[in-house]
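Data block for run06.txt (compact mmCIF, C-alpha atoms):
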# COMPACT_ATOMS: atom_id res chain seq x y z
CA MET A 1 -21.05 -5.36 -11.53
CA ASP A 2 -19.19 -8.08 -9.66
CA GLY A 3 -15.71 -6.67 -9.02
CA LYS A 4 -14.35 -10.17 -8.46
CA LYS A 5 -14.43 -10.76 -12.19
CA GLY A 6 -12.05 -9.10 -14.61
CA ALA A 7 -9.08 -7.01 -13.53
CA PHE A 8 -9.41 -4.47 -10.74
CA PRO A 9 -12.88 -3.40 -9.57
CA ARG A 10 -13.92 -0.01 -10.80
CA ALA A 11 -16.11 2.33 -8.79
CA ARG A 12 -19.17 4.01 -10.27
CA ALA A 13 -18.81 7.56 -11.56
CA ALA A 14 -22.12 8.83 -10.20
CA GLY A 15 -21.86 12.07 -8.27
CA ALA A 16 -18.43 12.85 -9.69
CA ARG A 17 -18.87 16.62 -9.68
CA ALA A 18 -18.73 16.84 -5.89
CA ALA A 19 -15.37 15.10 -5.83
CA ALA A 20 -14.17 17.20 -8.76
CA ALA A 21 -14.86 20.41 -6.87
CA VAL A 22 -12.65 19.41 -3.96
CA LEU A 23 -9.93 17.99 -6.15
CA GLY A 24 -10.01 20.91 -8.52
CA ALA A 25 -9.33 23.40 -5.73
CA VAL A 26 -6.21 21.56 -4.70
CA LEU A 27 -5.00 21.13 -8.27
CA LEU A 28 -5.48 24.79 -9.09
CA ALA A 29 -3.38 25.70 -6.07
CA ALA A 30 -0.75 23.12 -6.97
CA GLY A 31 -0.83 23.73 -10.70
CA CYS A 32 -1.14 20.06 -11.61
CA SER A 33 -3.56 17.36 -12.62
CA PRO A 34 -3.57 13.99 -10.88
CA GLY A 35 -2.21 10.83 -12.37
CA GLY A 36 0.29 12.35 -14.77
CA GLY A 37 -2.12 12.17 -17.71
CA ASP A 38 -2.60 14.71 -20.46
CA GLY A 39 -4.17 17.22 -18.08
CA ARG A 40 -7.59 17.23 -19.69
CA ASP A 41 -10.23 16.62 -17.03
CA ASP A 42 -12.65 13.74 -17.52
CA GLY A 43 -15.43 15.33 -15.45
CA ALA A 44 -14.57 13.25 -12.39
CA GLY A 45 -11.64 15.31 -11.20
CA ASN A 46 -9.14 12.87 -12.70
CA ALA A 47 -6.87 13.59 -15.64
CA ARG A 48 -8.00 11.68 -18.71
CA ARG A 49 -6.01 8.44 -18.81
CA SER A 50 -6.59 4.74 -19.23
CA GLN A 51 -8.49 3.04 -16.42
CA HIS A 52 -6.38 0.01 -17.26
CA ALA A 53 -3.22 2.02 -16.55
CA ALA A 54 -4.24 3.46 -13.20
CA PRO A 55 -7.77 2.84 -11.94
CA PHE A 56 -6.88 3.94 -8.42
CA TRP A 57 -8.05 7.02 -6.56
CA VAL A 58 -5.75 10.00 -5.97
CA ASN A 59 -6.42 11.59 -2.58
CA PRO A 60 -6.62 15.36 -3.14
CA ASP A 61 -5.88 16.00 0.54
CA SER A 62 -2.77 13.84 0.88
CA ARG A 63 0.24 15.07 2.80
CA ALA A 64 2.11 15.39 -0.48
CA ALA A 65 -0.69 17.51 -1.98
CA ARG A 66 -0.62 19.78 1.07
CA GLN A 67 3.15 20.09 0.74
CA VAL A 68 2.83 21.09 -2.91
CA THR A 69 0.36 23.80 -1.94
CA ALA A 70 2.65 25.05 0.83
CA TYR A 71 5.65 25.21 -1.49
CA VAL A 72 3.67 27.05 -4.16
CA LYS A 73 2.47 29.61 -1.63
CA ALA A 74 6.05 30.06 -0.42
CA GLY A 75 7.28 30.62 -3.96
CA ARG A 76 9.36 27.43 -3.91
CA LYS A 77 8.36 26.31 -7.36
CA ALA A 78 11.21 23.85 -7.90
CA GLU A 79 10.36 21.96 -4.71
CA ALA A 80 6.66 22.04 -5.58
CA GLU A 81 7.40 20.42 -8.94
CA LEU A 82 9.35 17.64 -7.23
CA ILE A 83 6.68 16.85 -4.64
CA ARG A 84 4.06 16.94 -7.39
CA LYS A 85 5.61 13.69 -8.64
CA ILE A 86 4.20 12.12 -5.48
CA ALA A 87 1.02 14.15 -5.05
CA GLU A 88 -0.36 13.27 -8.48
CA GLN A 89 -0.11 9.50 -7.92
CA PRO A 90 -2.52 7.19 -6.07
CA THR A 91 -1.00 5.94 -2.83
CA GLY A 92 -2.13 3.59 -0.10
CA GLU A 93 -4.45 4.81 2.63
CA TRP A 94 -3.25 3.26 5.90
CA ILE A 95 -6.33 2.93 8.07
CA GLY A 96 -6.10 4.21 11.61
CA PRO A 97 -7.10 2.33 14.77
CA GLU A 98 -9.98 4.66 15.66
CA ASN A 99 -13.31 4.77 13.81
CA PRO A 100 -12.30 2.52 10.90
CA GLU A 101 -15.84 2.35 9.53
CA GLN A 102 -16.15 6.13 9.29
CA GLU A 103 -12.66 6.58 7.87
CA VAL A 104 -13.00 3.86 5.25
CA ARG A 105 -16.49 4.96 4.24
CA GLY A 106 -15.19 8.47 3.59
CA LEU A 107 -12.29 7.23 1.48
CA THR A 108 -14.29 4.73 -0.56
CA GLU A 109 -17.16 7.15 -1.12
CA ALA A 110 -14.72 9.76 -2.44
CA ALA A 111 -13.13 7.18 -4.72
CA ASP A 112 -16.54 5.99 -5.87
CA LYS A 113 -17.63 9.50 -6.77
CA ALA A 114 -14.49 9.89 -8.87
CA GLY A 115 -15.10 6.57 -10.64
CA ARG A 116 -11.97 5.07 -9.11
CA THR A 117 -10.85 2.27 -6.80
CA ALA A 118 -9.63 2.96 -3.25
CA LEU A 119 -6.29 1.44 -2.21
CA LEU A 120 -6.42 0.58 1.51
CA VAL A 121 -3.70 -0.80 3.78
CA LEU A 122 -4.67 -2.64 6.96
CA TYR A 123 -1.86 -2.58 9.52
CA ASN A 124 -3.30 -3.18 12.97
CA ILE A 125 -2.57 -6.81 13.86
CA PRO A 126 -1.90 -7.28 17.59
CA HIS A 127 1.81 -7.25 18.54
CA ARG A 128 2.78 -5.87 15.15
CA ASP A 129 6.37 -5.02 14.17
CA CYS A 130 7.88 -7.00 17.05
CA GLY A 131 8.49 -3.95 19.22
CA GLN A 132 10.30 -1.98 16.51
CA TYR A 133 9.52 1.49 15.13
CA SER A 134 5.91 0.67 14.20
CA GLN A 135 5.05 -1.38 17.25
CA GLY A 136 1.46 -1.43 18.44
CA GLY A 137 -1.69 -2.71 16.83
CA ALA A 138 -5.04 -3.77 18.23
CA ALA A 139 -5.18 -4.58 21.94
CA ASP A 140 -6.24 -8.18 21.40
CA GLY A 141 -7.92 -10.56 18.99
CA ALA A 142 -11.42 -9.39 19.78
CA ALA A 143 -10.46 -5.77 19.18
CA TYR A 144 -8.85 -6.68 15.86
CA ARG A 145 -11.89 -8.60 14.64
CA ALA A 146 -14.12 -5.65 15.53
CA TRP A 147 -11.75 -3.31 13.71
CA VAL A 148 -11.73 -5.44 10.55
CA ASP A 149 -15.50 -5.65 10.69
CA GLY A 150 -15.64 -1.87 10.84
CA VAL A 151 -13.39 -1.65 7.78
CA ALA A 152 -15.65 -4.06 5.91
CA ARG A 153 -18.77 -2.08 6.78
CA GLY A 154 -17.03 1.08 5.64
CA ILE A 155 -16.20 -0.44 2.26
CA GLY A 156 -19.62 -1.94 1.62
CA ASP A 157 -20.17 -2.59 -2.09
CA ARG A 158 -17.74 0.11 -3.22
CA ALA A 159 -14.56 -0.79 -5.11
CA ALA A 160 -11.45 -1.33 -3.00
CA VAL A 161 -8.10 -3.08 -3.10
CA VAL A 162 -6.88 -4.08 0.36
CA ILE A 163 -3.27 -4.83 1.28
CA LEU A 164 -3.52 -6.96 4.39
CA GLU A 165 -1.09 -6.63 7.28
CA PRO A 166 2.46 -5.88 6.09
CA ASP A 167 5.03 -8.16 7.79
CA ALA A 168 2.42 -10.12 9.76
CA VAL A 169 3.14 -13.48 8.08
CA LEU A 170 6.85 -12.84 7.62
CA HIS A 171 7.26 -12.18 11.34
CA LEU A 172 5.55 -15.47 12.07
CA VAL A 173 8.22 -17.22 10.02
CA ASP A 174 11.35 -15.37 11.07
CA GLY A 175 10.72 -15.92 14.78
CA CYS A 176 10.07 -12.28 15.56
CA THR A 177 6.52 -12.91 16.78
CA PRO A 178 6.51 -14.77 20.14
CA GLU A 179 5.23 -18.34 20.10
CA GLU A 180 2.23 -17.61 22.32
CA PHE A 181 0.76 -15.18 19.76
CA ARG A 182 1.23 -17.23 16.60
CA ASP A 183 -1.88 -19.40 16.50
CA GLU A 184 -4.08 -16.41 17.19
CA ARG A 185 -2.38 -14.38 14.45
CA TYR A 186 -3.03 -17.07 11.86
CA GLU A 187 -6.69 -17.16 12.85
CA LEU A 188 -6.99 -13.38 12.76
CA LEU A 189 -5.44 -13.14 9.31
CA LYS A 190 -7.57 -15.94 7.94
CA GLY A 191 -10.69 -14.35 9.41
CA ALA A 192 -9.79 -10.96 7.92
CA VAL A 193 -9.29 -12.50 4.48
CA GLU A 194 -12.65 -14.25 4.70
CA ARG A 195 -14.48 -11.15 5.90
CA LEU A 196 -13.03 -8.83 3.28
CA THR A 197 -13.26 -11.18 0.30
CA SER A 198 -16.95 -11.65 1.06
CA LEU A 199 -17.47 -8.06 -0.11
CA LYS A 200 -18.73 -7.67 -3.65
CA ASN A 201 -16.10 -5.32 -5.11
CA THR A 202 -13.09 -5.79 -2.84
CA LYS A 203 -9.81 -7.49 -3.73
CA VAL A 204 -7.46 -8.65 -0.98
CA TYR A 205 -3.70 -9.19 -1.17
CA LEU A 206 -1.97 -10.74 1.84
CA ASP A 207 1.53 -9.42 2.48
CA ALA A 208 4.25 -11.96 1.65
CA GLY A 209 7.56 -10.28 2.38
CA ASN A 210 10.14 -9.14 -0.14
CA ALA A 211 12.98 -10.24 -2.38
CA GLY A 212 15.44 -9.72 0.45
CA TRP A 213 13.72 -12.54 2.29
CA GLY A 214 14.45 -14.78 -0.66
CA ASP A 215 13.08 -18.02 0.77
CA PRO A 216 9.59 -18.90 -0.51
CA ASP A 217 10.09 -22.45 0.81
CA ARG A 218 9.64 -21.14 4.35
CA ILE A 219 6.72 -18.77 3.81
CA HIS A 220 4.35 -20.50 1.40
CA GLU A 221 2.78 -22.82 3.97
CA PRO A 222 2.33 -20.03 6.53
CA LEU A 223 0.63 -17.99 3.81
CA ARG A 224 -1.79 -20.83 3.18
CA ARG A 225 -2.48 -21.11 6.89
CA ALA A 226 -3.15 -17.36 6.96
CA GLY A 227 -5.76 -17.67 4.20
CA VAL A 228 -3.97 -16.78 0.97
CA ASP A 229 -5.93 -19.45 -0.91
CA ARG A 230 -9.10 -17.44 -0.29
CA ALA A 231 -7.41 -14.09 -1.04
CA ASP A 232 -7.07 -12.62 -4.51
CA GLY A 233 -3.30 -12.88 -4.18
CA PHE A 234 -0.37 -11.55 -2.22
CA ALA A 235 1.77 -8.41 -2.03
CA VAL A 236 5.55 -8.12 -2.13
CA ASN A 237 8.07 -5.38 -1.34
CA VAL A 238 5.67 -3.40 0.85
CA SER A 239 7.54 -0.38 2.28
CA ASN A 240 10.78 -1.80 0.91
CA PHE A 241 13.23 -0.97 -1.85
CA TYR A 242 13.94 -4.10 -3.88
CA SER A 243 13.83 -3.65 -7.63
CA THR A 244 10.75 -4.50 -9.61
CA GLU A 245 12.72 -7.15 -11.51
CA ASP A 246 13.84 -8.86 -8.30
CA SER A 247 10.35 -8.54 -6.83
CA ILE A 248 8.80 -10.22 -9.86
CA ALA A 249 11.29 -13.07 -9.63
CA TYR A 250 10.58 -13.55 -5.92
CA GLY A 251 6.83 -13.32 -6.42
CA LYS A 252 6.85 -15.86 -9.25
CA ARG A 253 8.84 -18.37 -7.20
CA LEU A 254 6.36 -17.98 -4.37
CA SER A 255 3.34 -18.09 -6.68
CA GLU A 256 4.40 -21.50 -8.00
CA LYS A 257 4.07 -22.89 -4.49
CA ILE A 258 0.62 -21.48 -3.76
CA GLY A 259 -1.44 -22.35 -6.81
CA ASN A 260 -0.06 -19.71 -9.20
CA LYS A 261 -1.62 -16.91 -7.19
CA HIS A 262 -1.32 -13.41 -8.65
CA PHE A 263 0.46 -10.66 -6.78
CA VAL A 264 1.09 -6.92 -6.60
CA ILE A 265 4.37 -5.08 -6.06
CA ASP A 266 5.05 -1.94 -4.03
CA THR A 267 7.15 0.20 -6.39
CA SER A 268 6.82 3.43 -4.41
CA ARG A 269 10.49 3.78 -3.49
CA ASN A 270 12.38 1.13 -5.45
CA GLY A 271 13.71 3.28 -8.28
CA ASN A 272 17.33 2.80 -7.19
CA GLY A 273 16.92 -0.61 -5.59
CA PRO A 274 17.93 -1.43 -2.00
CA TYR A 275 20.50 0.42 0.10
CA LEU A 276 23.67 -1.60 0.69
CA GLY A 277 25.49 0.59 3.20
CA GLY A 278 25.32 1.14 6.95
CA ASP A 279 23.94 -1.28 9.54
CA PRO A 280 22.50 -4.29 7.67
CA ASP A 281 19.70 -4.55 10.24
CA GLU A 282 18.46 -1.04 9.39
CA ARG A 283 19.09 -0.72 5.68
CA TRP A 284 15.31 -0.69 5.22
CA CYS A 285 14.85 2.34 7.47
CA ASN A 286 14.96 5.72 5.69
CA PRO A 287 17.92 4.70 3.50
CA PRO A 288 19.65 7.56 1.66
CA GLY A 289 19.95 7.82 -2.09
CA ARG A 290 16.67 6.10 -2.93
CA ALA A 291 14.19 7.08 -5.64
CA LEU A 292 10.55 6.80 -6.63
CA GLY A 293 9.82 3.69 -8.70
CA GLU A 294 7.36 2.88 -11.47
CA THR A 295 4.14 4.80 -11.10
CA PRO A 296 1.00 2.83 -10.17
CA THR A 297 -0.39 0.86 -13.08
CA THR A 298 -2.03 -2.41 -14.02
CA ARG A 299 0.22 -2.64 -17.09
CA THR A 300 3.00 -4.78 -15.72
CA ALA A 301 5.89 -6.86 -17.02
CA ASP A 302 4.33 -10.22 -16.14
CA PRO A 303 0.80 -11.65 -16.34
CA LEU A 304 1.02 -12.86 -12.74
CA VAL A 305 1.57 -9.29 -11.52
CA ASP A 306 -1.79 -7.58 -11.19
CA ALA A 307 -0.37 -4.13 -10.50
CA TYR A 308 2.51 -1.95 -9.47
CA LEU A 309 1.24 0.06 -6.51
CA TRP A 310 2.52 2.80 -4.24
CA ILE A 311 1.52 1.06 -1.01
CA LYS A 312 4.00 2.90 1.19
CA ARG A 313 3.37 6.62 0.85
CA PRO A 314 6.62 8.21 -0.38
CA GLY A 315 7.79 10.89 2.02
CA GLU A 316 6.50 9.24 5.17
CA SER A 317 9.19 8.15 7.59
CA ASP A 318 10.09 4.53 8.34
CA GLY A 319 10.98 5.46 11.91
CA THR A 320 13.34 7.50 14.07
CA CYS A 321 16.48 6.39 12.28
CA LYS A 322 18.90 8.40 10.13
CA GLY A 323 17.39 11.63 11.44
CA GLY A 324 13.79 10.78 10.57
CA PRO A 325 10.64 11.56 12.55
CA LYS A 326 8.53 8.76 14.03
CA ALA A 327 7.19 6.06 11.75
CA GLY A 328 4.43 7.30 9.47
CA ASP A 329 5.13 11.01 9.92
CA TRP A 330 5.60 13.17 6.84
CA TRP A 331 9.24 14.08 6.13
CA ALA A 332 9.46 16.64 3.35
CA GLU A 333 13.24 16.44 2.99
CA TYR A 334 13.11 12.71 2.36
CA ALA A 335 10.23 13.13 -0.08
CA LEU A 336 12.32 15.64 -2.03
CA GLU A 337 15.25 13.23 -2.10
CA LEU A 338 13.06 10.44 -3.47
CA ALA A 339 11.66 12.73 -6.14
CA ARG A 340 15.07 14.08 -7.12
CA GLY A 341 16.38 10.56 -7.59
CA SER A 342 13.51 9.45 -9.81
CA LYS A 343 13.65 9.26 -13.58
Write-out of the structure in structure tokens:
Amino acid sequence: MDGKKGAFPRARAAGARAAAAVLGAVLLAAGCSPGGGDGRDDGAGNARRSQHAAPFWVNPDSRAARQVTAYVKAGRKAEAELIRKIAEQPTGEWIGPENPEQEVRGLTEAADKAGRTALLVLYNIPHRDCGQYSQGGAADGAAYRAWVDGVARGIGDRAAVVILEPDAVLHLVDGCTPEEFRDERYELLKGAVERLTSLKNTKVYLDAGNAGWGDPDRIHEPLRRAGVDRADGFAVNVSNFYSTEDSIAYGKRLSEKIGNKHFVIDTSRNGNGPYLGGDPDERWCNPPGRALGETPTTRTADPLVDAYLWIKRPGESDGTCKGGPKAGDWWAEYALELARGSK
């Protein structure tokens, strides 16, 4: 099957029992079934539900799943039920800088065995995050190309959706990325799009900012230069909190300027919309009073929106602000707050 045709690529279900054994152990400990379905197992370790609704893989060893198990063992049933709201949903796998081929192969093979699609986030562009909480990335262009190539080899012909480099284009536009790095970044992004879209069953969405940016007139040409024409579409609201309604409006305005490209929306933490208090420059960083948003699905409110996804993993810190641990670390208290605030 050519995953480029139709909606999202779907992995083969062969060998599902091996994945079911691992997943089943976690679910028995946690007392839940993944995906929020009717609880009846489909033989692949996934609750029986529409592939159209959520064809994405639920990692049975996620930090949220481990937290559920820990709370159950400690007799903290109420907290376990709250974190289960996160643990049972498919969330993005942010690929580390070391051994990308091995890491991605393991994730996509597990998804393939469960008959699902892996959701991968690539966040390793050189000079990323402009020296803020998530600064770092590959040492140079050559290292980044090698890393992307490792990711591609790890995916192979298995089904994957890739969210490519959150903030990388936006920071080219807002002046955050120094002038001397800009030409190289465009080339690296374009090369990554070309490498990943050459894979049989991989879809690629290039990050395109959020509704708070609100100015598609400034970002649509940079997106083209970064290769969005070759990509399957773009992603909005990654790791942010803008409402789904506002994100759709922003995405549609941008889509009009780049050939009616489709897009996906990160709904992981947008249940209460953006935070409007405190320092305006850090409203995005671990804001209080937020909530989980719509669960991952390909049933969306607009035909241009391919999916609502949980790209940012709820419960992982944005950085060492508002009492949080370093960026990417699990923060159980914040995860509980997000779950409590959700509908």
With a cut-off of 9 Å, could you pull out the residues of stretch 83-186 of chain A touching stretch 286-297 of chain A and give me the nearest pair of atoms for each, distance in Å to one decimal, using only C-alpha atoms, ordered by chain and ascending number, as a Markdown table?
| residue | atom | partner | partner_atom | distance |
| --- | --- | --- | --- | --- |
| A:Lys85 | CA | A:Leu292 | CA | 8.7 |
| A:Ile86 | CA | A:Leu292 | CA | 8.4 |
| A:Gln89 | CA | A:Thr295 | CA | 7.1 |
| A:Pro90 | CA | A:Pro296 | CA | 6.9 |
| A:Thr91 | CA | A:Pro296 | CA | 8.2 |
Shortest contact to A:Glu187, candidates A:Asp281, A:Gly259, A:Gly227, A:Val148, atoms counted all atoms listed in the file, goes to A:Gly227
From atom CA of A:Val264 to atom CA of A:Leu309 the spacing works out at 7.0 Å
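In this structure, atom CA of A:Ala159 sits 5.1 Å away from atom CA of A:Thr117.
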Closest pair table for stretch 94-177 of chain A residues within 12 Å of stretch 237-255 of chain A, all atoms listed in the file, as CSV:
residue,atom,partner,partner_atom,distance
A:Trp94,CA,A:Ser239,CA,11.9
A:Val121,CA,A:Val238,CA,10.2
A:Tyr123,CA,A:Val238,CA,11.5
A:Ile163,CA,A:Val238,CA,9.1
A:Leu164,CA,A:Val238,CA,10.5
A:Glu165,CA,A:Val238,CA,9.9
A:Pro166,CA,A:Val238,CA,6.6
A:Asp167,CA,A:Val238,CA,8.4
A:Ala168,CA,A:Val238,CA,11.6
A:Leu170,CA,A:Val238,CA,11.7
Could you tell me how far atom CA of A:Gly271 sits from atom CA of A:Glu81, in Å to one decimal place?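 Atom CA of A:Gly271 lies 18.3 Å from atom CA of A:Glu81.
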Can you find the residues with an atom no farther than 9 Å from (-3.0, -7.1, 2.3), counting all atoms listed in the file, and report them as a list in words?
-> Leu120, Val121, Leu122, Tyr123, Val161, Val162, Ile163, Leu164, Glu165, Pro166, Val193, Val204, Tyr205, Leu206, Asp207, Ala208, Ala231, Gly233, Phe234 and Ala235 of chain A
As JSON: centre and edge lengths in Å, one decimal, of the axis-aligned box holding stretch 260-264 of chain A with 6 Å per side:
{"center_x": -0.3, "center_y": -13.3, "center_z": -7.9, "size_x": 14.7, "size_y": 24.8, "size_z": 14.6}
Selected residue of minimal separation from A:Phe56 among A:Arg153, A:Arg269, A:Arg116, A:Lys261, counting all atoms listed in the file: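 Of the candidates, the smallest distance to A:Phe56 is held by A:Arg116.
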For A:Trp147, the closest of A:Gly209, A:Gly315, A:Gly273, A:Pro126 counting only C-alpha atoms is A:Pro126
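Residues with at least one atom no more than 7 Å from (0.8, -7.3, -6.8), using only C-alpha atoms, are Phe234, Ala235, Val236, His262, Phe263, Val264, Ile265, Val305, Asp306, Ala307 and Tyr308 of chain A.
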**Request:** For stretch 72-80 of chain A, work out the shell of residues within 10 Å, counting only C-alpha atoms and skipping chain neighbours fewer than 2 positions away, then give it as a VMD selection string.
**Result:** chain A and resid 29 to 31 64 to 70 82 to 85 87 332 to 333 335 to 336 339 to 340
Using all atoms listed in the file: which of A:Ala152, A:Asp279, A:Pro55, A:Gln135 has the shortest distance to A:Thr298: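 Under the stated criterion, the closest residue is A:Pro55.
With all atoms listed in the file as the basis for measurement, A:Ile125 is the residue among A:Ile125, A:Leu199, A:Cys321, A:Ala118 that approaches A:Phe181 most closely.
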